[in-house]
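Text of query-v9.pdb (PDB, C-alpha atoms) as supplied:
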```
MODEL        1
ATOM      1  CA  MET A   1       5.236 -21.770  -3.383
ATOM      2  CA  SER A   2       1.690 -23.139  -2.998
ATOM      3  CA  GLU A   3       1.099 -21.098   0.153
ATOM      4  CA  SER A   4       2.094 -17.824  -1.519
ATOM      5  CA  LEU A   5       0.160 -18.793  -4.666
ATOM      6  CA  HIS A   6      -3.016 -19.385  -2.691
ATOM      7  CA  GLU A   7      -2.487 -16.215  -0.666
ATOM      8  CA  MET A   8      -2.125 -14.195  -3.871
ATOM      9  CA  ILE A   9      -5.210 -15.679  -5.547
ATOM     10  CA  ALA A  10      -7.245 -15.265  -2.353
ATOM     11  CA  PHE A  11      -6.180 -11.611  -2.132
ATOM     12  CA  VAL A  12      -7.362 -10.993  -5.701
ATOM     13  CA  LEU A  13     -10.660 -12.821  -5.180
ATOM     14  CA  GLU A  14     -11.409 -10.980  -1.952
ATOM     15  CA  ASN A  15     -10.420  -7.476  -3.072
ATOM     16  CA  GLU A  16     -11.370  -7.561  -6.744
ATOM     17  CA  ALA A  17     -14.083 -10.209  -7.049
ATOM     18  CA  GLY A  18     -15.747  -9.310  -3.751
ATOM     19  CA  LEU A  19     -15.675 -12.772  -2.158
ATOM     20  CA  SER A  20     -15.534 -13.024   1.617
ATOM     21  CA  LYS A  21     -12.129 -13.791   3.101
ATOM     22  CA  GLY A  22     -13.091 -17.392   3.942
ATOM     23  CA  ARG A  23     -14.625 -18.151   0.563
ATOM     24  CA  ALA A  24     -11.727 -16.497  -1.266
ATOM     25  CA  ARG A  25      -9.269 -18.738   0.574
ATOM     26  CA  SER A  26     -11.331 -21.852  -0.105
ATOM     27  CA  VAL A  27     -11.558 -21.121  -3.823
ATOM     28  CA  ALA A  28      -7.845 -20.224  -4.038
ATOM     29  CA  SER A  29      -6.850 -23.579  -2.538
ATOM     30  CA  TYR A  30      -8.414 -25.275  -5.564
ATOM     31  CA  PHE A  31      -5.672 -24.050  -7.925
ATOM     32  CA  ALA A  32      -2.301 -25.772  -8.207
ATOM     33  CA  ASP A  33      -0.615 -23.009 -10.193
ATOM     34  CA  ILE A  34      -1.296 -19.756 -12.046
ATOM     35  CA  GLY A  35      -2.061 -21.640 -15.256
ATOM     36  CA  SER A  36      -4.895 -23.563 -13.649
ATOM     37  CA  PHE A  37      -6.536 -20.288 -12.589
ATOM     38  CA  VAL A  38      -6.082 -18.705 -16.011
ATOM     39  CA  GLY A  39      -7.610 -21.776 -17.653
ATOM     40  CA  VAL A  40     -10.550 -22.227 -15.291
ATOM     41  CA  LYS A  41     -14.059 -22.418 -16.748
ATOM     42  CA  PRO A  42     -17.418 -21.576 -15.146
ATOM     43  CA  GLU A  43     -18.330 -25.249 -14.938
ATOM     44  CA  ASP A  44     -15.082 -25.940 -13.085
ATOM     45  CA  LEU A  45     -15.937 -23.310 -10.478
ATOM     46  CA  ALA A  46     -19.409 -24.786 -10.074
ATOM     47  CA  GLU A  47     -17.849 -28.134  -9.195
ATOM     48  CA  ILE A  48     -15.107 -27.154  -6.776
ATOM     49  CA  ARG A  49     -14.561 -30.025  -4.344
ATOM     50  CA  GLY A  50     -12.196 -30.487  -1.418
ATOM     51  CA  ILE A  51     -10.169 -33.421  -0.138
ATOM     52  CA  GLY A  52     -11.912 -36.735  -0.675
ATOM     53  CA  ARG A  53     -14.097 -35.179  -3.416
ATOM     54  CA  ARG A  54     -16.413 -33.777  -0.758
ATOM     55  CA  ARG A  55     -18.198 -30.573  -1.692
ATOM     56  CA  THR A  56     -16.836 -27.815   0.535
ATOM     57  CA  MET A  57     -18.918 -24.959  -0.849
ATOM     58  CA  ARG A  58     -21.261 -23.944  -3.589
ATOM     59  CA  LEU A  59     -20.431 -20.729  -5.391
ATOM     60  CA  THR A  60     -23.354 -18.595  -6.496
ATOM     61  CA  ASN A  61     -23.760 -17.709 -10.155
ATOM     62  CA  GLU A  62     -22.875 -14.106  -9.262
ATOM     63  CA  GLU A  63     -19.637 -15.205  -7.579
ATOM     64  CA  ILE A  64     -18.699 -17.352 -10.555
ATOM     65  CA  GLU A  65     -19.345 -14.436 -12.916
ATOM     66  CA  LYS A  66     -17.148 -12.134 -10.823
ATOM     67  CA  ILE A  67     -14.304 -14.655 -10.760
ATOM     68  CA  MET A  68     -14.532 -15.148 -14.514
ATOM     69  CA  GLU A  69     -14.545 -11.373 -15.004
ATOM     70  CA  ILE A  70     -11.336 -11.080 -12.981
ATOM     71  CA  LYS A  71      -9.799 -13.836 -15.084
ATOM     72  CA  GLU A  72     -10.864 -12.248 -18.366
ATOM     73  CA  ARG A  73      -9.484  -8.862 -17.331
ATOM     74  CA  GLY A  74      -6.079 -10.468 -16.935
ATOM     75  CA  HIS A  75      -5.658  -9.516 -13.298
ATOM     76  CA  ILE A  76      -3.599 -12.675 -12.836
ATOM     77  CA  VAL A  77      -1.064 -12.964 -15.648
ATOM     78  CA  PRO A  78       0.517 -16.356 -16.512
ATOM     79  CA  THR A  79       3.780 -14.777 -17.712
ATOM     80  CA  LYS A  80       4.321 -13.131 -14.321
ATOM     81  CA  THR A  81       5.564 -14.872 -11.200
ATOM     82  CA  VAL A  82       3.377 -15.322  -8.123
ATOM     83  CA  SER A  83       5.264 -12.467  -6.470
ATOM     84  CA  GLU A  84       4.799 -10.140  -9.454
ATOM     85  CA  ASN A  85       1.088 -10.911  -9.638
ATOM     86  CA  PHE A  86       0.774 -10.313  -5.905
ATOM     87  CA  LEU A  87       2.584  -6.956  -6.142
ATOM     88  CA  SER A  88       0.290  -5.886  -8.969
ATOM     89  CA  ALA A  89      -2.807  -6.865  -7.004
ATOM     90  CA  ILE A  90      -1.629  -5.012  -3.894
ATOM     91  CA  SER A  91      -0.931  -1.909  -5.978
ATOM     92  CA  ARG A  92      -4.349  -2.038  -7.656
ATOM     93  CA  GLU A  93      -6.035  -2.349  -4.287
ATOM     94  CA  PHE A  94      -4.061   0.590  -2.855
ATOM     95  CA  THR A  95      -4.772   2.825  -5.873
ATOM     96  CA  LYS A  96      -8.453   1.893  -5.856
ATOM     97  CA  ARG A  97      -8.763   2.777  -2.169
ATOM     98  CA  GLN A  98      -7.178   6.198  -2.710
ATOM     99  CA  PHE A  99      -9.455   6.785  -5.703
ATOM    100  CA  GLU A 100     -12.523   5.861  -3.645
ATOM    101  CA  MET A 101     -11.356   7.994  -0.736
ATOM    102  CA  ILE A 102     -11.043  11.067  -2.964
ATOM    103  CA  ARG A 103     -14.395  10.417  -4.637
ATOM    104  CA  GLY A 104     -15.973  10.219  -1.196
ATOM    105  CA  ILE A 105     -14.717  13.596   0.054
ATOM    106  CA  GLU A 106     -17.505  16.036   0.832
ATOM    107  CA  LEU A 107     -17.504  19.538   2.291
ATOM    108  CA  ASP A 108     -18.432  18.225   5.739
ATOM    109  CA  ASN A 109     -15.248  16.085   5.720
ATOM    110  CA  LEU A 110     -13.011  19.138   5.387
ATOM    111  CA  SER A 111     -13.882  21.479   8.290
ATOM    112  CA  PRO A 112     -11.712  24.352   6.957
ATOM    113  CA  ASN A 113      -9.924  26.207   9.763
ATOM    114  CA  PRO A 114     -10.999  29.899   9.812
ATOM    115  CA  PHE A 115      -7.650  30.942  11.292
ATOM    116  CA  LEU A 116      -5.829  29.391   8.331
ATOM    117  CA  ILE A 117      -8.278  30.961   5.898
ATOM    118  CA  LYS A 118      -7.429  34.421   7.182
ATOM    119  CA  SER A 119      -3.727  33.786   7.872
ATOM    120  CA  LEU A 120      -3.123  32.384   4.385
ATOM    121  CA  ASN A 121      -5.208  35.041   2.635
ATOM    122  CA  LEU A 122      -7.720  32.642   1.076
ATOM    123  CA  HIS A 123     -10.331  34.806  -0.631
ATOM    124  CA  THR A 124     -12.564  32.426  -2.569
ATOM    125  CA  PRO A 125     -14.395  29.161  -1.949
ATOM    126  CA  GLU A 126     -12.170  27.474  -4.550
ATOM    127  CA  GLU A 127      -9.003  28.497  -2.672
ATOM    128  CA  VAL A 128     -10.418  27.326   0.638
ATOM    129  CA  VAL A 129     -11.541  23.997  -0.803
ATOM    130  CA  ARG A 130      -8.350  23.390  -2.805
ATOM    131  CA  LEU A 131      -6.072  23.734   0.219
ATOM    132  CA  ASN A 132      -8.233  21.514   2.385
ATOM    133  CA  VAL A 133      -8.901  18.803  -0.192
ATOM    134  CA  TYR A 134      -5.194  18.443  -0.915
ATOM    135  CA  ALA A 135      -4.429  18.405   2.821
ATOM    136  CA  LEU A 136      -7.021  15.712   3.544
ATOM    137  CA  ALA A 137      -6.101  13.578   0.527
ATOM    138  CA  THR A 138      -2.374  13.807   1.228
ATOM    139  CA  ARG A 139      -2.835  12.964   4.898
ATOM    140  CA  SER A 140      -4.928   9.916   4.042
ATOM    141  CA  ILE A 141      -2.521   8.676   1.365
ATOM    142  CA  VAL A 142       0.542   9.099   3.590
ATOM    143  CA  THR A 143      -1.225   7.252   6.424
ATOM    144  CA  SER A 144      -1.997   4.360   4.053
ATOM    145  CA  MET A 145       1.551   4.224   2.644
ATOM    146  CA  GLY A 146       3.072   2.402   5.608
ATOM    147  CA  PHE A 147       0.684  -0.534   5.316
ATOM    148  CA  PHE A 148       1.005  -0.488   1.526
ATOM    149  CA  VAL A 149       4.803  -0.686   1.572
ATOM    150  CA  GLU A 150       4.771  -3.462   4.172
ATOM    151  CA  LYS A 151       2.424  -5.496   1.959
ATOM    152  CA  LEU A 152       4.723  -4.937  -1.022
ATOM    153  CA  LEU A 153       7.735  -6.116   0.942
ATOM    154  CA  LEU A 154       5.982  -9.238   2.222
ATOM    155  CA  ALA A 155       4.850 -10.103  -1.310
ATOM    156  CA  SER A 156       8.399  -9.729  -2.623
ATOM    157  CA  SER A 157       9.807 -12.841  -0.952
ATOM    158  CA  ASP A 158       8.678 -16.250   0.287
ATOM    159  CA  SER A 159      11.307 -16.061   3.035
ATOM    160  CA  LEU A 160       9.985 -12.802   4.498
ATOM    161  CA  GLU A 161       7.205 -12.642   7.084
ATOM    162  CA  LYS A 162       5.720 -10.240   9.561
ATOM    163  CA  ALA A 163       7.758 -10.046  12.750
ATOM    164  CA  PRO A 164       6.153 -11.572  15.862
ATOM    165  CA  LEU A 165       3.592  -9.350  17.523
ATOM    166  CA  GLY A 166       5.146  -7.381  20.352
ATOM    167  CA  SER A 167       8.714  -7.714  19.060
ATOM    168  CA  GLY A 168       8.754  -4.112  17.819
ATOM    169  CA  TRP A 169      10.211  -5.189  14.466
ATOM    170  CA  ASP A 170       8.272  -4.949  11.215
ATOM    171  CA  VAL A 171       9.457  -7.937   9.166
ATOM    172  CA  VAL A 172      11.901 -10.805   9.518
ATOM    173  CA  LYS A 173      13.685 -12.751   6.769
ATOM    174  CA  ASP A 174      14.954 -16.294   7.204
ATOM    175  CA  GLY A 175      18.550 -16.731   6.065
ATOM    176  CA  THR A 176      20.619 -19.876   5.723
ATOM    177  CA  GLU A 177      22.246 -19.494   9.134
ATOM    178  CA  GLU A 178      20.560 -16.560  10.859
ATOM    179  CA  ARG A 179      17.444 -14.463  10.798
ATOM    180  CA  HIS A 180      17.403 -10.898   9.497
ATOM    181  CA  TRP A 181      15.230  -8.468  11.440
ATOM    182  CA  ILE A 182      14.153  -5.253   9.694
ATOM    183  CA  GLN A 183      12.582  -2.072  11.036
ATOM    184  CA  VAL A 184      11.042  -0.418   7.974
ATOM    185  CA  LYS A 185      10.939   3.351   7.489
ATOM    186  CA  SER A 186       9.075   4.930   4.589
ATOM    187  CA  GLY A 187      11.670   7.558   3.691
ATOM    188  CA  PRO A 188      15.248   8.726   4.329
ATOM    189  CA  ASN A 189      14.237  11.451   6.784
ATOM    190  CA  ASP A 190      11.705   9.690   9.018
ATOM    191  CA  MET A 191      13.749   9.168  12.201
ATOM    192  CA  ASP A 192      14.931  11.520  14.943
ATOM    193  CA  LYS A 193      17.813  11.184  17.390
ATOM    194  CA  ASP A 194      15.888   9.271  20.061
ATOM    195  CA  GLN A 195      14.554   6.757  17.549
ATOM    196  CA  ILE A 196      18.001   6.079  16.116
ATOM    197  CA  VAL A 197      19.509   5.568  19.581
ATOM    198  CA  TYR A 198      16.655   3.211  20.460
ATOM    199  CA  TRP A 199      17.011   1.118  17.301
ATOM    200  CA  SER A 200      20.776   1.034  17.625
ATOM    201  CA  LYS A 201      20.271  -0.823  20.913
ATOM    202  CA  LYS A 202      17.626  -3.110  19.433
ATOM    203  CA  ILE A 203      19.904  -4.000  16.518
ATOM    204  CA  GLN A 204      22.754  -4.824  18.887
ATOM    205  CA  GLU A 205      20.447  -7.095  20.897
ATOM    206  CA  LYS A 206      19.688  -9.158  17.786
ATOM    207  CA  ILE A 207      23.361  -9.304  16.844
ATOM    208  CA  SER A 208      24.144 -10.582  20.365
ATOM    209  CA  GLU A 209      21.577 -13.339  19.840
ATOM    210  CA  GLY A 210      23.358 -14.463  16.668
ATOM    211  CA  ASP A 211      21.010 -12.822  14.172
ATOM    212  CA  LYS A 212      21.362  -9.754  11.976
ATOM    213  CA  ALA A 213      19.233  -6.641  12.075
ATOM    214  CA  TYR A 214      18.746  -3.509  10.013
ATOM    215  CA  ILE A 215      16.896  -0.281   9.625
ATOM    216  CA  GLY A 216      15.340  -0.552   6.165
ATOM    217  CA  ILE A 217      14.470   2.637   4.280
ATOM    218  CA  THR A 218      12.179   2.125   1.304
ATOM    219  CA  TYR A 219      13.688   4.787  -0.959
ATOM    220  CA  GLY A 220      16.668   7.126  -1.118
ATOM    221  CA  LYS A 221      20.433   6.748  -1.299
ATOM    222  CA  ARG A 222      23.261   6.779   1.203
ATOM    223  CA  THR A 223      24.503   9.988  -0.353
ATOM    224  CA  ASN A 224      21.262  11.854   0.454
ATOM    225  CA  GLU A 225      22.001  14.740   2.786
ATOM    226  CA  THR A 226      19.104  14.362   5.211
ATOM    227  CA  VAL A 227      18.977  14.949   8.942
ATOM    228  CA  THR A 228      18.159  11.289   9.600
ATOM    229  CA  LEU A 229      21.077   9.900   7.588
ATOM    230  CA  GLY A 230      23.398  12.452   9.209
ATOM    231  CA  LEU A 231      22.290  11.291  12.661
ATOM    232  CA  MET A 232      22.737   7.638  11.690
ATOM    233  CA  LYS A 233      26.363   8.299  10.779
ATOM    234  CA  GLN A 234      26.891   9.771  14.240
ATOM    235  CA  LEU A 235      24.753   7.516  16.446
ATOM    236  CA  LEU A 236      24.551   4.102  14.758
ATOM    237  CA  PRO A 237      27.931   2.300  14.949
ATOM    238  CA  ASP A 238      28.861   0.643  11.634
ATOM    239  CA  TRP A 239      25.748   2.227  10.163
ATOM    240  CA  GLU A 240      26.543   1.057   6.645
ATOM    241  CA  MET A 241      26.287  -2.586   7.812
ATOM    242  CA  LYS A 242      23.088  -2.026   9.778
ATOM    243  CA  THR A 243      21.004  -0.220   7.165
ATOM    244  CA  LEU A 244      19.358  -1.169   3.888
ATOM    245  CA  ILE A 245      18.562   1.956   1.908
ATOM    246  CA  GLY A 246      16.431   2.257  -1.200
ATOM    247  CA  ARG A 247      17.159  -0.395  -3.798
ATOM    248  CA  GLU A 248      19.351  -2.270  -1.275
ATOM    249  CA  LEU A 249      16.258  -3.100   0.789
ATOM    250  CA  TRP A 250      14.191  -4.376  -2.129
ATOM    251  CA  ASP A 251      17.031  -6.378  -3.674
ATOM    252  CA  PHE A 252      17.928  -7.910  -0.284
ATOM    253  CA  VAL A 253      14.365  -8.889   0.562
ATOM    254  CA  SER A 254      13.706 -10.439  -2.856
ATOM    255  CA  ASP A 255      17.146 -12.105  -3.253
ATOM    256  CA  ASP A 256      17.216 -10.535  -6.715
ATOM    257  CA  PRO A 257      19.915  -7.931  -7.529
ATOM    258  CA  GLU A 258      17.755  -6.523 -10.333
ATOM    259  CA  TYR A 259      14.457  -6.474  -8.456
ATOM    260  CA  HIS A 260      14.479  -2.704  -8.021
ATOM    261  CA  THR A 261      14.440  -2.259 -11.799
ATOM    262  CA  ARG A 262      11.109  -4.086 -12.154
ATOM    263  CA  ILE A 263       9.024  -3.066  -9.187
ATOM    264  CA  PHE A 264       8.149   0.437 -10.408
ATOM    265  CA  GLU A 265       7.002  -0.860 -13.783
ATOM    266  CA  LEU A 266       4.743  -3.342 -12.003
ATOM    267  CA  LEU A 267       3.275  -0.549  -9.880
ATOM    268  CA  ARG A 268       2.804   1.734 -12.894
ATOM    269  CA  THR A 269       0.955  -0.823 -14.993
ATOM    270  CA  ALA A 270      -1.184  -1.856 -12.022
ATOM    271  CA  ALA A 271      -2.191   1.760 -11.371
ATOM    272  CA  GLN A 272      -3.164   2.189 -15.032
ATOM    273  CA  THR A 273      -5.735  -0.587 -14.729
ATOM    274  CA  VAL A 274      -7.504   1.518 -12.085
ATOM    275  CA  LEU A 275      -6.916   5.067 -13.318
ATOM    276  CA  THR A 276      -6.233   4.356 -17.038
ATOM    277  CA  GLU A 277      -4.254   7.393 -18.204
ATOM    278  CA  ARG A 278      -5.423   9.716 -15.416
ATOM    279  CA  SER A 279      -3.284  10.533 -12.399
ATOM    280  CA  ILE A 280      -4.542  10.817  -8.856
ATOM    281  CA  CYS A 281      -3.992  14.589  -9.114
ATOM    282  CA  GLU A 282      -6.631  14.767 -11.845
ATOM    283  CA  GLU A 283      -9.048  12.966  -9.531
ATOM    284  CA  ILE A 284      -8.260  15.480  -6.804
ATOM    285  CA  GLU A 285      -8.917  18.376  -9.197
ATOM    286  CA  THR A 286     -12.298  16.861 -10.082
ATOM    287  CA  CYS A 287     -13.031  16.545  -6.373
ATOM    288  CA  ILE A 288     -12.078  20.203  -5.799
ATOM    289  CA  GLY A 289     -14.552  21.332  -8.459
ATOM    290  CA  ARG A 290     -17.342  19.218  -7.003
ATOM    291  CA  VAL A 291     -16.763  20.311  -3.399
ATOM    292  CA  THR A 292     -16.374  23.967  -4.430
ATOM    293  CA  ASP A 293     -19.826  23.788  -6.023
ATOM    294  CA  GLU A 294     -21.110  22.356  -2.756
ATOM    295  CA  PHE A 295     -19.494  25.221  -0.803
ATOM    296  CA  VAL A 296     -20.978  27.885  -3.108
ATOM    297  CA  LYS A 297     -24.472  26.412  -2.910
ATOM    298  CA  ARG A 298     -24.312  26.433   0.869
ATOM    299  CA  TYR A 299     -22.500  29.702   1.614
ATOM    300  CA  GLY A 300     -22.350  31.746  -1.593
ATOM    301  CA  GLU A 301     -19.620  32.875  -4.010
ATOM    302  CA  GLY A 302     -16.416  34.898  -3.637
ATOM    303  CA  GLU A 303     -15.288  36.586  -0.434
ATOM    304  CA  GLU A 304     -18.875  36.878   0.735
ATOM    305  CA  GLY A 305     -19.207  33.097   0.611
ATOM    306  CA  VAL A 306     -16.011  32.643   2.623
ATOM    307  CA  SER A 307     -17.201  35.226   5.160
ATOM    308  CA  SER A 308     -20.569  33.461   5.460
ATOM    309  CA  TYR A 309     -18.800  30.177   6.159
ATOM    310  CA  ILE A 310     -16.626  31.728   8.877
ATOM    311  CA  LYS A 311     -19.646  33.402  10.534
ATOM    312  CA  GLU A 312     -21.446  30.058  10.671
ATOM    313  CA  ILE A 313     -18.655  28.118  12.335
ATOM    314  CA  PHE A 314     -17.050  30.809  14.513
TER     315      PHE A 314
ENDMDL
END
```

Encoding of this model in structure tokens:
Amino acid sequence: MSESLHEMIAFVLENEAGLSKGRARSVASYFADIGSFVGVKPEDLAEIRGIGRRRTMRLTNEEIEKIMEIKERGHIVPTKTVSENFLSAISREFTKRQFEMIRGIELDNLSPNPFLIKSLNLHTPEEVVRLNVYALATRSIVTSMGFFVEKLLLASSDSLEKAPLGSGWDVVKDGTEERHWIQVKSGPNDMDKDQIVYWSKKIQEKISEGDKAYIGITYGKRTNETVTLGLMKQLLPDWEMKTLIGRELWDFVSDDPEYHTRIFELLRTAAQTVLTERSICEEIETCIGRVTDEFVKRYGEGEEGVSSYIKEIF
């Protein structure tokens, strides 16, 4: 428990209080439980000492203020478990990064394709910008999702860890008698025939070694009629026993049959602390307006502006 507690607190201090990774870990090791963090005072932080009462660091006044601000904001909640607090922190960090990414989009990041502009009948700067902002934002968010989901899974259980580097597997869970190896896929239609054949062999290898192995799909149901699930039924022998789909994956990893009912509420409330009542789509719309203004100032309005842009780049 202490290891996951310290990992969670260090994650919050690094990503939300701005401490360096090393200093965040050192400060986190000071706390024995969530209550001791929630009850910490500035003078306590100024006197953090290590084993043998030797001073291991001296926090600056600015660092102490940032830690106290995190505490006062309730970013670590005493009524939540370590895992729940960790999930909330991971979600806040993910949402914040997407928010910052969208706020950082400028016209020069987009490079609108003139062939698409003409092929899709885009007449105005706003149409050109809208398509390209959504494309860039979506691509960035989807790219980040894999790492985000893996972090969520790892925070959901003390018995789950990243699989050894080079093994090809994503995560591994220690059971009472065997280990459970999991290859994680973001959605129920993310694998083709060759991938399923490959992982069927990899799963069988682990079974032959006395372990268990699965393809874990983060959302969806077995009844979904997708190409991937159809191929699994054909190409993965005993596919029901070798897959964890949707809520099955989350409940299995956490050892909690009701875990799936809580995780989305944790993610929702965490996102609200970053976006309040706004959605990421509203941030994208704001970005579209800002970048459209940039386009118009540089190339002009209406079809003439679009034509001027195309002439400059082609």

List every residue of segment 130-155 of chain A that has an atom at most 12 Å from any atom of segment 109-113 of chain A, and for each one report the closest atom pair and its distance in Å to one decimal, counting all atoms listed in the file, with rows sorted by chain and then by increasing residue number, as JSON lines.
```
{"residue": "A:Arg130", "atom": "CA", "partner": "A:Leu110", "partner_atom": "CA", "distance": 10.3}
{"residue": "A:Leu131", "atom": "CA", "partner": "A:Pro112", "partner_atom": "CA", "distance": 8.8}
{"residue": "A:Asn132", "atom": "CA", "partner": "A:Leu110", "partner_atom": "CA", "distance": 6.1}
{"residue": "A:Val133", "atom": "CA", "partner": "A:Leu110", "partner_atom": "CA", "distance": 6.9}
{"residue": "A:Tyr134", "atom": "CA", "partner": "A:Leu110", "partner_atom": "CA", "distance": 10.1}
{"residue": "A:Ala135", "atom": "CA", "partner": "A:Leu110", "partner_atom": "CA", "distance": 9.0}
{"residue": "A:Leu136", "atom": "CA", "partner": "A:Leu110", "partner_atom": "CA", "distance": 7.1}
{"residue": "A:Ala137", "atom": "CA", "partner": "A:Leu110", "partner_atom": "CA", "distance": 10.1}
{"residue": "A:Arg139", "atom": "CA", "partner": "A:Leu110", "partner_atom": "CA", "distance": 11.9}
```

Neighbour list for Tyr219 of chain A as a PyMOL selection string, cut-off 10 Å, all atoms listed in the file, skip fewer than 5 positions in-chain: chain A and resi 185-188+244-250

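Of the listed residues (A:Arg278, A:Arg58, A:Lys118, A:Lys41), A:Arg58 comes nearest to Val27 of chain A; the distances count all atoms listed in the file.
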
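Relative to atom CA of Ile90 of chain A, atom CA of Ala46 of chain A is found at 27.3 Å.
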
So which residues get picked by the PyMOL selection byres ((chain A and resi 175) around 12) here, written as a VMD selection string? chain A and resid 157 to 160 172 to 174 176 to 181 210 to 213 252 to 255

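Run against this file, the PyMOL selection byres ((chain A and resi 144) around 12) gives back A:Ser91, A:Glu93, A:Phe94, A:Thr95, A:Arg97, A:Gln98, A:Met101, A:Ala137, A:Thr138, A:Arg139, A:Ser140, A:Ile141, A:Val142, A:Thr143, A:Met145, A:Gly146, A:Phe147, A:Phe148, A:Val149, A:Glu150, A:Lys151, A:Ser186.
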
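Distance-wise, atom CA of Val77 of chain A and atom CA of Phe37 of chain A end up 9.6 Å apart.
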
Result set of the PyMOL selection byres ((chain A and resi 233) around 12) on the coordinates above, as number ranges by chain: A: 193, 196-197, 200, 222-223, 225-232, 234-243

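Protein and nucleic acid residues near (-20.3, 28.1, 12.0) are Asp108, Ser111, Pro112, Asn113, Pro114, Arg298, Tyr299, Val306, Ser307, Ser308, Tyr309, Ile310, Lys311, Glu312, Ile313 and Phe314 of chain A, the criterion being any atom at most 12 Å away using all atoms listed in the file.
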
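One finds atom CA of Trp169 of chain A at 16.1 Å from atom CA of Ser208 of chain A.
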
Give me, as a VMD selection string, all polymer residues having an atom no more than 12 Å from Ala10 of chain A, counting only C-alpha atoms and skipping those fewer than 4 positions away in the same chain. chain A and resid 2 to 6 14 to 31 37 67 76 85 to 86 89 to 90

Taking (-12.9, 21.9, -7.0) in the coordinates of the supplied file, I want to know which residues reach to within 9 Å of it, counting only C-alpha atoms; could you give the answer as an NGL selection string? :A and (125-127 or 129-130 or 133 or 284-293)

Calculate, to one decimal in Å, the centre and edge lengths of the box along x, y and z of the file that holds all listed atoms of segment 237-240 of chain A with 3 Å of margin on each side, and present them as JSON.
```
{"center_x": 27.3, "center_y": 1.5, "center_z": 10.8, "size_x": 9.1, "size_y": 7.7, "size_z": 14.3}
```

Of the candidates A:Val38, A:Glu303, A:Leu59, A:Ile203, which shows the shortest atom-to-atom distance to Arg73 of chain A, using only C-alpha atoms? A:Val38

Kindly reconstruct segment 15-27 of chain A with N, CA and C atoms and present the result as a CSV table (one decimal), in the coordinates of the input.
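Everything below was put into rebuild-v4.csv:
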```
chain,number,residue,atom,x,y,z
A,15,ASN,N,-10.5,-8.9,-2.8
A,15,ASN,CA,-10.4,-7.5,-3.1
A,15,ASN,C,-11.0,-7.1,-4.4
A,16,GLU,N,-10.9,-8.0,-5.4
A,16,GLU,CA,-11.4,-7.6,-6.7
A,16,GLU,C,-12.6,-8.3,-7.2
A,17,ALA,N,-12.9,-9.5,-6.7
A,17,ALA,CA,-14.1,-10.2,-7.0
A,17,ALA,C,-15.2,-10.1,-6.0
A,18,GLY,N,-14.8,-9.6,-4.8
A,18,GLY,CA,-15.7,-9.3,-3.8
A,18,GLY,C,-16.1,-10.5,-2.9
A,19,LEU,N,-15.4,-11.6,-3.0
A,19,LEU,CA,-15.7,-12.8,-2.2
A,19,LEU,C,-15.3,-12.5,-0.7
A,20,SER,N,-15.9,-13.1,0.2
A,20,SER,CA,-15.5,-13.0,1.6
A,20,SER,C,-14.2,-13.6,1.8
A,21,LYS,N,-13.5,-13.3,2.9
A,21,LYS,CA,-12.1,-13.8,3.1
A,21,LYS,C,-12.1,-15.3,3.1
A,22,GLY,N,-13.1,-15.9,3.8
A,22,GLY,CA,-13.1,-17.4,3.9
A,22,GLY,C,-13.4,-18.1,2.6
A,23,ARG,N,-14.3,-17.5,1.9
A,23,ARG,CA,-14.6,-18.2,0.6
A,23,ARG,C,-13.5,-17.9,-0.4
A,24,ALA,N,-12.9,-16.8,-0.4
A,24,ALA,CA,-11.7,-16.5,-1.3
A,24,ALA,C,-10.6,-17.5,-1.0
A,25,ARG,N,-10.3,-17.8,0.2
A,25,ARG,CA,-9.3,-18.7,0.6
A,25,ARG,C,-9.6,-20.1,0.1
A,26,SER,N,-10.9,-20.5,0.3
A,26,SER,CA,-11.3,-21.9,-0.1
A,26,SER,C,-11.2,-22.0,-1.6
A,27,VAL,N,-11.6,-21.0,-2.4
A,27,VAL,CA,-11.6,-21.1,-3.8
A,27,VAL,C,-10.1,-21.1,-4.3
```
